[in-house]
$ cat model_19.tsv   # TSV, C-alpha atoms
chain	number	residue	atom	x	y	z
A	156	MET	CA	-30.63	-7.73	-28.90
A	157	GLU	CA	-31.77	-8.79	-25.48
A	158	ARG	CA	-32.53	-6.52	-22.59
A	159	TYR	CA	-29.53	-7.46	-20.45
A	160	LYS	CA	-27.24	-6.95	-23.46
A	161	PHE	CA	-28.73	-3.51	-23.98
A	162	GLU	CA	-28.14	-2.61	-20.34
A	163	ASP	CA	-24.52	-3.70	-20.60
A	164	LEU	CA	-23.99	-1.28	-23.44
A	165	ILE	CA	-25.71	1.79	-21.97
A	166	SER	CA	-22.58	3.44	-20.55
A	167	ASP	CA	-20.53	2.78	-23.66
A	168	TYR	CA	-23.34	4.21	-25.80
A	169	ILE	CA	-23.60	7.40	-23.74
A	170	GLU	CA	-19.82	7.83	-23.72
A	171	ASN	CA	-19.55	7.20	-27.48
A	172	LYS	CA	-17.34	4.18	-27.09
A	173	LEU	CA	-19.31	1.77	-29.23
A	174	PRO	CA	-18.41	0.86	-32.79
A	175	VAL	CA	-20.92	2.05	-35.38
A	176	ALA	CA	-22.49	-1.37	-35.89
A	177	LYS	CA	-23.14	-1.83	-32.14
A	178	ARG	CA	-24.40	1.70	-31.87
A	179	LYS	CA	-26.98	1.03	-34.56
A	180	GLU	CA	-28.02	-2.14	-32.77
A	181	VAL	CA	-28.64	-0.20	-29.58
A	182	GLU	CA	-30.60	2.47	-31.43
A	183	ALA	CA	-32.71	-0.14	-33.15
A	184	PHE	CA	-33.45	-1.74	-29.78
A	185	MET	CA	-34.54	1.63	-28.38
A	186	GLU	CA	-36.80	2.18	-31.38
A	187	ASP	CA	-38.53	-1.08	-30.65
A	188	ASN	CA	-38.57	-0.60	-26.86
A	189	PRO	CA	-39.60	2.91	-25.77
A	190	GLU	CA	-38.96	2.08	-22.09
A	191	ALA	CA	-35.35	1.31	-23.03
A	192	LYS	CA	-35.06	4.77	-24.53
A	193	VAL	CA	-36.48	6.28	-21.33
A	194	GLN	CA	-33.94	4.32	-19.30
A	195	MET	CA	-31.10	5.54	-21.52
A	196	GLU	CA	-32.16	9.17	-21.16
A	197	SER	CA	-32.67	8.76	-17.44
A	198	ILE	CA	-29.12	7.48	-16.99
A	199	ARG	CA	-27.73	10.23	-19.19
A	200	SER	CA	-29.56	12.79	-17.05
A	201	LEU	CA	-28.31	11.14	-13.86
A	202	MET	CA	-24.73	11.34	-15.08
A	203	ASN	CA	-25.13	15.04	-15.81
A	204	SER	CA	-26.66	15.63	-12.40
A	205	MET	CA	-23.74	13.89	-10.70
A	206	LYS	CA	-21.27	16.01	-12.63
A	207	ASN	CA	-23.06	19.12	-11.45
A	208	LEU	CA	-23.26	18.18	-7.78
A	209	SER	CA	-22.06	21.01	-5.60
A	210	GLU	CA	-18.42	20.79	-4.60
A	211	ILE	CA	-17.76	19.99	-0.98
A	212	LYS	CA	-15.07	22.23	0.45
A	213	THR	CA	-12.86	21.83	3.45
A	214	SER	CA	-13.27	24.24	6.37
A	215	ASP	CA	-11.37	27.54	6.56
A	216	ASN	CA	-9.06	26.34	9.32
A	217	PHE	CA	-8.23	23.14	7.45
A	218	MET	CA	-4.61	24.07	6.69
A	219	ASP	CA	-3.95	25.27	10.26
A	220	ASN	CA	-5.25	22.01	11.67
A	221	LEU	CA	-3.31	20.04	9.08
A	222	MET	CA	-0.04	21.78	9.94
A	223	LYS	CA	-0.64	21.10	13.64
A	224	LYS	CA	-1.08	17.42	12.85
A	225	VAL	CA	2.03	17.45	10.68
A	226	GLU	CA	4.06	19.09	13.47
A	227	PHE	CA	2.76	16.51	15.91
A	228	GLU	CA	3.75	13.68	13.57
A	229	LYS	CA	7.16	15.25	13.00
A	230	ASN	CA	7.88	15.27	16.71
A	231	ARG	CA	6.69	11.75	17.33
A	232	PRO	CA	9.76	9.64	18.10
A	233	SER	CA	8.51	6.73	16.01
A	234	ASN	CA	8.10	8.94	12.97
A	235	LYS	CA	11.28	10.98	13.26
A	236	ASN	CA	13.21	8.68	11.03
A	237	TYR	CA	10.50	8.75	8.38
A	238	VAL	CA	10.14	12.49	8.37
A	239	ALA	CA	13.73	13.56	8.85
A	240	SER	CA	15.47	11.35	6.37
A	241	GLY	CA	15.42	12.24	2.73
A	242	SER	CA	15.34	8.58	1.79
A	243	SER	CA	14.55	5.48	3.77
A	244	LYS	CA	17.79	3.54	4.24
A	245	THR	CA	17.70	-0.20	4.43
A	246	TYR	CA	20.30	-2.89	4.87
A	247	PHE	CA	19.48	-6.06	2.97
A	248	GLY	CA	15.88	-4.93	3.06
A	249	PHE	CA	15.88	-4.23	6.81
A	250	THR	CA	15.64	-0.85	8.44
A	251	PRO	CA	18.67	0.00	10.63
A	252	VAL	CA	16.81	-0.97	13.81
A	253	TYR	CA	15.72	-4.33	12.44
A	254	ALA	CA	19.14	-4.94	10.87
A	255	THR	CA	20.79	-4.42	14.27
A	256	ALA	CA	18.28	-6.66	15.99
A	257	MET	CA	18.75	-9.37	13.36
A	258	SER	CA	22.56	-9.19	13.67
A	259	CYS	CA	22.36	-9.58	17.45
A	260	LEU	CA	20.03	-12.53	17.06
A	261	ILE	CA	22.37	-14.27	14.61
A	262	VAL	CA	25.39	-13.74	16.88
A	263	ALA	CA	23.44	-15.04	19.87
A	264	LEU	CA	22.35	-18.07	17.88
A	265	VAL	CA	25.94	-18.89	16.88
A	266	ILE	CA	27.09	-18.62	20.51
A	267	VAL	CA	24.29	-20.88	21.70
A	268	VAL	CA	25.07	-23.47	19.03
A	269	LEU	CA	28.77	-23.48	19.97
A	270	GLN	CA	27.88	-23.89	23.63
A	271	LEU	CA	25.57	-26.79	22.92
A	272	MET	CA	27.98	-28.63	20.61
A	273	PRO	CA	29.62	-31.67	22.37
A	274	THR	CA	33.30	-31.02	23.15
A	275	ASP	CA	34.39	-34.52	21.95
A	276	ASN	CA	33.05	-33.86	18.54
A	277	LEU	CA	34.72	-30.50	18.59
A	278	ASN	CA	38.11	-32.07	19.30
A	279	SER	CA	37.71	-34.67	16.61
A	280	ILE	CA	36.90	-31.98	14.12
A	281	ILE	CA	40.00	-29.93	14.90
A	282	LEU	CA	42.41	-32.71	15.80
A	283	PRO	CA	44.87	-32.48	12.89
A	284	SER	CA	45.61	-28.82	13.38
A	285	ASN	CA	45.77	-29.35	17.15
A	286	ILE	CA	48.41	-31.93	16.70
A	287	ALA	CA	50.48	-29.65	14.50
A	288	GLU	CA	50.09	-26.87	17.06
A	289	GLN	CA	51.11	-29.20	19.88
A	290	GLU	CA	54.25	-30.07	18.08
A	291	THR	CA	55.31	-26.52	17.60
A	292	GLU	CA	54.07	-25.08	20.88
A	293	MET	CA	54.61	-27.78	23.45
A	294	PRO	CA	58.00	-27.75	25.14
A	295	LYS	CA	60.03	-30.78	24.14
A	296	PRO	CA	60.64	-33.18	27.00
A	297	SER	CA	64.22	-33.69	28.06
A	298	ASN	CA	64.22	-37.35	27.06
A	299	MET	CA	63.06	-36.50	23.53
A	300	VAL	CA	64.28	-39.18	21.19
A	301	ASN	CA	66.21	-38.19	18.11
A	302	PRO	CA	64.39	-39.68	15.15
A	303	ASP	CA	67.74	-40.65	13.61
A	304	LYS	CA	68.40	-42.95	16.53
A	305	ASP	CA	64.99	-44.64	16.49
A	306	LEU	CA	66.30	-47.83	14.98
A	307	MET	CA	68.93	-48.29	17.66
A	308	LEU	CA	66.46	-47.46	20.43
A	309	ALA	CA	63.97	-49.89	19.06
A	310	GLU	CA	66.48	-52.65	19.40
A	311	ASP	CA	67.42	-51.74	22.96
A	312	ASP	CA	64.15	-50.62	24.49
A	313	ASP	CA	60.57	-51.62	24.61
A	314	THR	CA	59.01	-49.30	22.04
A	315	THR	CA	55.65	-49.56	23.77
A	316	ASN	CA	57.05	-47.21	26.42
A	317	ILE	CA	57.87	-44.50	23.97
A	318	ASP	CA	55.74	-41.42	24.50
A	319	SER	CA	53.22	-41.24	21.79
A	320	GLN	CA	54.27	-37.67	21.03
A	321	ASN	CA	57.75	-38.87	20.14
A	322	ARG	CA	56.33	-41.01	17.40
A	323	LEU	CA	54.57	-38.12	15.75
A	324	ILE	CA	56.29	-36.00	13.22
A	325	ASN	CA	54.17	-33.47	11.43
A	326	GLY	CA	51.05	-35.22	12.72
A	327	LYS	CA	52.06	-38.65	11.26
A	328	PHE	CA	53.64	-41.71	12.68
A	329	ASP	CA	57.28	-42.05	11.81
A	330	LYS	CA	57.70	-44.95	9.42
A	331	ASN	CA	61.05	-45.75	10.90
A	332	ILE	CA	59.57	-46.86	14.19
A	333	LYS	CA	59.54	-50.58	14.51
A	334	LEU	CA	57.32	-52.27	16.99
A	335	VAL	CA	59.14	-55.24	18.51
A	336	GLY	CA	56.51	-56.32	20.96
A	337	ASN	CA	56.85	-57.04	24.67
A	338	LYS	CA	59.99	-58.72	25.84
B	200	MET	CA	12.56	27.96	-1.71
B	201	GLN	CA	10.13	30.33	-3.35
B	202	MET	CA	7.01	28.92	-4.94
B	203	ASP	CA	6.30	31.93	-7.15
B	204	LYS	CA	6.27	29.65	-10.17
B	205	LYS	CA	3.97	27.18	-8.46
B	206	PHE	CA	1.46	27.09	-11.26
B	207	ILE	CA	3.97	25.80	-13.73
B	208	TYR	CA	4.71	22.75	-11.60
B	209	THR	CA	2.86	19.54	-12.20
B	210	ASP	CA	1.76	17.42	-9.24
B	211	GLU	CA	4.61	15.02	-9.97
B	212	GLU	CA	7.15	17.84	-10.00
B	213	LEU	CA	5.80	19.13	-6.71
B	214	ILE	CA	6.05	15.77	-4.96
B	215	SER	CA	9.56	15.40	-6.35
B	216	ARG	CA	10.51	18.78	-4.90
B	217	PHE	CA	8.92	17.84	-1.61
B	218	GLN	CA	10.86	14.57	-1.54
B	219	ASN	CA	13.98	16.67	-1.93
B	220	GLY	CA	13.10	18.75	1.11
B	221	ASP	CA	10.99	21.60	-0.28
B	222	GLU	CA	8.28	22.07	2.35
B	223	GLN	CA	6.52	24.73	0.30
B	224	ALA	CA	5.85	22.09	-2.32
B	225	TYR	CA	3.97	20.10	0.32
B	226	THR	CA	1.77	23.08	1.18
B	227	GLU	CA	1.03	23.61	-2.50
B	228	LEU	CA	0.07	19.95	-2.96
B	229	ALA	CA	-2.15	20.04	0.12
B	230	ASN	CA	-3.90	23.14	-1.18
B	231	ARG	CA	-4.36	21.62	-4.61
B	232	PHE	CA	-5.92	18.42	-3.36
B	233	ARG	CA	-7.77	19.34	-0.17
B	234	ASP	CA	-11.13	20.13	-1.80
B	235	ARG	CA	-10.92	17.41	-4.43
B	236	LEU	CA	-10.24	14.83	-1.76
B	237	MET	CA	-12.90	16.32	0.51
B	238	SER	CA	-15.49	15.97	-2.23
B	239	PHE	CA	-14.47	12.38	-2.91
B	240	VAL	CA	-14.35	11.30	0.74
B	241	PHE	CA	-17.55	13.11	1.72
B	242	ARG	CA	-19.48	11.36	-1.05
B	243	PHE	CA	-18.05	8.14	0.28
B	244	VAL	CA	-18.66	8.48	4.04
B	245	ASN	CA	-21.51	11.04	3.99
B	246	ASP	CA	-20.23	12.95	7.02
B	247	SER	CA	-18.37	16.21	6.57
B	248	VAL	CA	-16.53	16.09	9.92
B	249	VAL	CA	-15.35	12.53	9.39
B	250	ALA	CA	-14.52	13.34	5.76
B	251	GLU	CA	-12.35	16.30	6.77
B	252	ASP	CA	-10.53	14.16	9.32
B	253	ILE	CA	-9.86	11.53	6.65
B	254	VAL	CA	-8.58	14.16	4.21
B	255	GLN	CA	-6.26	15.50	6.90
B	256	ASP	CA	-5.01	12.01	7.69
B	257	THR	CA	-4.42	11.47	3.97
B	258	LEU	CA	-2.32	14.61	3.74
B	259	VAL	CA	-0.43	13.75	6.94
B	260	LYS	CA	0.39	10.41	5.36
B	261	LEU	CA	1.60	12.26	2.31
B	262	TYR	CA	3.98	14.14	4.62
B	263	THR	CA	5.23	11.18	6.62
B	264	HIS	CA	5.37	8.71	3.73
B	265	LYS	CA	6.46	10.96	0.91
B	266	ASP	CA	9.29	8.62	-0.04
B	267	TYR	CA	6.83	5.82	-0.72
B	268	TYR	CA	5.65	7.61	-3.83
B	269	ARG	CA	7.49	6.45	-6.95
B	270	ASN	CA	7.24	8.40	-10.15
B	271	ILE	CA	5.71	5.54	-12.08
B	272	ALA	CA	2.10	6.52	-11.44
B	273	LYS	CA	0.25	9.79	-11.42
B	274	PHE	CA	0.44	11.55	-8.08
B	275	SER	CA	-3.33	12.08	-8.06
B	276	THR	CA	-3.87	8.32	-8.41
B	277	TRP	CA	-1.58	7.67	-5.45
B	278	ILE	CA	-3.22	10.24	-3.17
B	279	TYR	CA	-6.75	9.12	-4.12
B	280	THR	CA	-5.77	5.54	-3.30
B	281	ILE	CA	-4.62	6.58	0.18
B	282	ALA	CA	-7.81	8.58	0.76
B	283	GLY	CA	-9.99	5.76	-0.55
B	284	ASN	CA	-8.33	3.21	1.69
B	285	LEU	CA	-8.73	5.42	4.75
B	286	ALA	CA	-12.38	6.05	3.86
B	287	LYS	CA	-13.03	2.32	3.46
B	288	THR	CA	-11.38	1.65	6.82
B	289	GLU	CA	-13.65	4.26	8.38
B	290	LEU	CA	-16.70	2.70	6.75
B	291	ARG	CA	-15.76	-0.72	8.05
B	292	LYS	CA	-15.48	0.75	11.55
B	293	ASN	CA	-18.98	2.18	11.28
B	294	LYS	CA	-20.55	-0.75	9.50
B	295	ARG	CA	-23.36	-0.93	12.00
B	296	ARG	CA	-24.57	2.57	11.49
B	297	LYS	CA	-27.88	2.97	9.79
B	298	VAL	CA	-27.82	3.89	6.15
B	299	THR	CA	-30.92	5.35	4.70
B	300	ASN	CA	-32.24	2.99	2.12
B	301	LEU	CA	-34.04	4.81	-0.62
B	302	SER	CA	-36.03	1.76	-1.53
B	303	GLU	CA	-37.57	1.89	1.95
B	304	MET	CA	-38.48	5.54	1.72
B	305	GLY	CA	-42.16	6.39	1.56
B	306	LYS	CA	-43.77	8.70	-0.96
B	307	ASP	CA	-43.74	11.53	1.59
B	308	ASP	CA	-39.98	11.47	1.66
B	309	TRP	CA	-39.90	12.48	-1.98
B	310	GLN	CA	-42.41	15.30	-1.78
B	311	TYR	CA	-41.37	18.86	-1.28
B	312	ASP	CA	-42.88	22.31	-1.79
B	313	ILE	CA	-41.66	24.26	-4.74
B	314	PRO	CA	-41.44	27.98	-4.02
B	315	SER	CA	-43.17	30.26	-6.47
B	316	ASP	CA	-40.04	32.09	-7.50
B	317	GLU	CA	-38.55	30.23	-10.46
B	318	ASP	CA	-34.85	30.71	-9.63
B	319	THR	CA	-35.32	29.77	-6.02
B	320	ALA	CA	-37.26	26.76	-7.14
B	321	LYS	CA	-34.40	25.71	-9.38
B	322	THR	CA	-31.90	26.09	-6.56
B	323	VAL	CA	-34.04	24.16	-4.14
B	324	HIS	CA	-34.67	21.51	-6.74
B	325	GLY	CA	-30.95	21.29	-7.42
B	326	GLN	CA	-30.22	20.88	-3.71
B	327	PHE	CA	-32.95	18.32	-3.38
B	328	VAL	CA	-31.69	16.34	-6.34
B	329	GLY	CA	-28.17	16.54	-4.93
B	330	GLU	CA	-29.33	15.21	-1.57
B	331	GLN	CA	-31.27	12.38	-3.15
B	332	ILE	CA	-28.35	11.40	-5.33
B	333	GLN	CA	-26.10	11.47	-2.27
B	334	LYS	CA	-28.52	9.21	-0.39
B	335	ALA	CA	-28.77	6.87	-3.34
B	336	ILE	CA	-24.99	6.69	-3.60
B	337	GLN	CA	-24.81	5.81	0.09
B	338	SER	CA	-27.08	2.84	-0.47
B	339	LEU	CA	-24.75	1.37	-3.12
B	340	PRO	CA	-22.33	-1.38	-2.13
B	341	ASP	CA	-18.87	0.03	-1.29
B	342	HIS	CA	-17.20	-1.30	-4.43
B	343	PHE	CA	-19.85	0.35	-6.64
B	344	ARG	CA	-19.89	3.55	-4.63
B	345	GLU	CA	-16.18	4.16	-4.90
B	346	VAL	CA	-16.00	3.78	-8.67
B	347	ILE	CA	-19.11	5.82	-9.42
B	348	ILE	CA	-17.83	8.72	-7.29
B	349	LEU	CA	-14.43	8.65	-8.95
B	350	ARG	CA	-15.85	8.44	-12.45
B	351	ASP	CA	-19.04	10.51	-12.43
B	352	ILE	CA	-18.37	13.05	-9.69
B	353	GLN	CA	-14.58	13.37	-9.72
B	354	GLU	CA	-14.59	12.85	-13.50
B	355	LEU	CA	-11.46	10.70	-13.58
B	356	SER	CA	-10.73	8.45	-16.53
B	357	TYR	CA	-11.52	4.75	-16.41
B	358	GLU	CA	-7.79	4.03	-16.39
B	359	GLU	CA	-7.24	6.27	-13.37
B	360	VAL	CA	-10.18	4.70	-11.54
B	361	SER	CA	-8.76	1.28	-12.31
B	362	SER	CA	-5.39	2.28	-10.84
B	363	ILE	CA	-6.93	3.81	-7.74
B	364	VAL	CA	-9.20	0.92	-6.82
B	365	GLU	CA	-6.62	-1.60	-8.05
B	366	VAL	CA	-9.00	-3.72	-10.10
B	367	PRO	CA	-8.86	-4.47	-13.85
B	368	LEU	CA	-10.23	-1.95	-16.32
B	369	GLY	CA	-12.98	-4.29	-17.53
B	370	THR	CA	-14.21	-4.83	-13.98
B	371	VAL	CA	-14.24	-1.09	-13.36
B	372	LYS	CA	-16.31	-0.45	-16.49
B	373	SER	CA	-18.75	-3.17	-15.54
B	374	ARG	CA	-19.08	-1.88	-11.98
B	375	ILE	CA	-19.67	1.68	-13.15
B	376	ASN	CA	-22.34	0.59	-15.60
B	377	ARG	CA	-24.12	-1.48	-12.98
B	378	ALA	CA	-23.84	1.30	-10.40
B	379	ARG	CA	-25.48	3.70	-12.87
B	380	LEU	CA	-28.29	1.24	-13.51
B	381	GLN	CA	-28.89	0.81	-9.78
B	382	LEU	CA	-28.86	4.56	-9.17
B	383	GLN	CA	-31.25	5.12	-12.07
B	384	GLU	CA	-33.59	2.52	-10.64
B	385	MET	CA	-33.51	4.15	-7.20
B	386	LEU	CA	-33.93	7.65	-8.53
B	387	LYS	CA	-36.37	7.16	-11.37
B	388	GLU	CA	-39.22	8.67	-9.36
B	389	LEU	CA	-37.19	11.81	-9.06
B	390	ARG	CA	-37.35	12.60	-12.78
$ encode --input "model_19.tsv" --output "structure tokens"
Amino acid sequence: MERYKFEDLISDYIENKLPVAKRKEVEAFMEDNPEAKVQMESIRSLMNSMKNLSEIKTSDNFMDNLMKKVEFEKNRPSNKNYVASGSSKTYFGFTPVYATAMSCLIVALVIVVLQLMPTDNLNSIILPSNIAEQETEMPKPSNMVNPDKDLMLAEDDDTTNIDSQNRLINGKFDKNIKLVGNK
Amino acid sequence: MQMDKKFIYTDEELISRFQNGDEQAYTELANRFRDRLMSFVFRFVNDSVVAEDIVQDTLVKLYTHKDYYRNIAKFSTWIYTIAGNLAKTELRKNKRRKVTNLSEMGKDDWQYDIPSDEDTAKTVHGQFVGEQIQKAIQSLPDHFREVIILRDIQELSYEEVSSIVEVPLGTVKSRINRARLQLQEMLKELR
């Protein structure tokens, strides 16, 4: 056994945590090296001395001072939630304050994005439903053409003058409309 | 709630009661741990006033953060971890302060007069040995100091020490062994 190996095993030897074979190795090393035995006994003695060190006690007014500090912490606004609540509530991992702040931020972000979005794109995105709404909500003009009479009108009139709304039924062009071109 | 049966409660039962609003349980816990923590922290920072402040801060944290304790570890491990972290923070703050290095001490520093009375001599010798051990512990690196105090002075198990300092068991054992070797080297003239 080498010296450094012996030193590695000193604590385990003193605390009886070595298997018998290793223990015998250590003892044999100490037999051959008296200074190793002295070192072992010195460490054993040191450990006993540390165990017997006098206990350090807190002062007599320790609890009074502690309770003052606790009262102070209790009354601190930032700690009231900690101290008062039986359990710390969280929403999706956020405390109520942070959850509120995060919600406000998300709402603000959505508003900003909607404001920044180009209106043309917006219309193109919602066009089909707009058209349907227009058909139901917009007052029908007095010269509204009856779809059943489209064929006759097409023969008599220039269909290019027909209001584009009149050609839309349910958001689609009426198949009955015939374009006859300019006269 | 009355604490007349306080001695039948374990630390874990007490913290559980405290978490459920029993303030008496907190007082009992504080009384149970105040001296143990004081001993640990004093050996760490070597200043009784600072040590008492740290112990108080530890127990205030116990009050304000009681819900952070989960019943998966021993309560003592949890409270020692808080105290150890506060002590280490304090040490970092005072890193520049002078620490007596035993290796730099002259022969005169080790000499003392032994009174003729045998009992008094033993007491004085015991105090002297205690002071020298304390000085030697102070000269250890922080990570050795913490584990040697917890193991050899507080007499906690290796597993508990490992949980408190949050390093693997093998590392703890190695650190403790090396800390003992260093202390023995520093104190060998004392024997």
$ closest_residue --input "model_19.tsv" --among "B:Val364, B:Val371, B:Ala282, B:Ile347" --to "Met202 in chain A" --atoms "only C-alpha atoms"
B:Ile347
$ interface_residues --input "model_19.tsv" --of "chain B" --to "chain A" --cutoff "7 Å" --atoms "all atoms listed in the file" --output "list in words"
Gln218, Asn219, Arg233, Asp234, Met237, Ser238, Glu251, Gln255, Val259, Thr263, His264, Asp266, Gly329, Asp351, Ile352, Asn376, Arg379 and Gln383 of chain B
$ closest_residue --input "model_19.tsv" --among "A:Leu260, A:Ala254, A:Leu271, A:Met156" --to "Met185 in chain A" --atoms "all atoms listed in the file"
A:Met156
$ atom_distance --input "model_19.tsv" --atom1 "CA of Pro174 in chain A" --atom2 "CA of Tyr357 in chain B"
18.2 Å
$ residues_around --input "model_19.tsv" --residues "Ala286 in chain B" --least-positions-apart "3" --cutoff "10 Å" --atoms "all atoms listed in the file" --output "PyMOL selection string"
chain B and resi 239-241+243-244+249-250+252-254+257+280-283+289-292+345
$ closest_residue --input "model_19.tsv" --among "B:Pro340, B:Ser362, B:Gln326, B:Leu355" --to "Gln381 in chain B" --atoms "only C-alpha atoms"
B:Pro340
$ atom_distance --input "model_19.tsv" --atom1 "CA of Val175 in chain A" --atom2 "CA of Lys192 in chain A"
18.0 Å
$ residues_around --input "model_19.tsv" --residues "Phe184 in chain A" --least-positions-apart "2" --cutoff "12 Å" --atoms "all atoms listed in the file" --output "number ranges by chain"
A: 156-162, 164-165, 177-182, 186-192, 195
$ closest_residue --input "model_19.tsv" --among "B:Gln331, B:Ile278, B:Tyr262, B:Gln353" --to "Asp221 in chain B" --atoms "only C-alpha atoms"
B:Tyr262
$ atom_distance --input "model_19.tsv" --atom1 "CA of Leu261 in chain B" --atom2 "CA of Gln337 in chain B"
27.3 Å
$ closest_residue --input "model_19.tsv" --among "B:Ile363, B:Asp210, B:Ile336, B:Glu388" --to "Asn270 in chain B" --atoms "only C-alpha atoms"
B:Asp210
$ residues_near_point --input "model_19.tsv" --point "(2.6, 17.3, -2.8)" --cutoff "9 Å" --atoms "only C-alpha atoms" --output "list in words"
Asp210, Glu211, Glu212, Leu213, Ile214, Ser215, Arg216, Phe217, Gln218, Gln223, Ala224, Tyr225, Thr226, Glu227, Leu228, Ala229, Asn230, Arg231, Phe232, Leu258, Leu261, Tyr262, Lys265 and Phe274 of chain B
$ axis_aligned_box --input "model_19.tsv" --around "range 158-170 of chain A" --padding-each-side "8 Å" --output "AutoDock Vina command-line options"
--center_x -26.2 --center_y 0.2 --center_z -23.1 --size_x 28.7 --size_y 31.3 --size_z 21.5
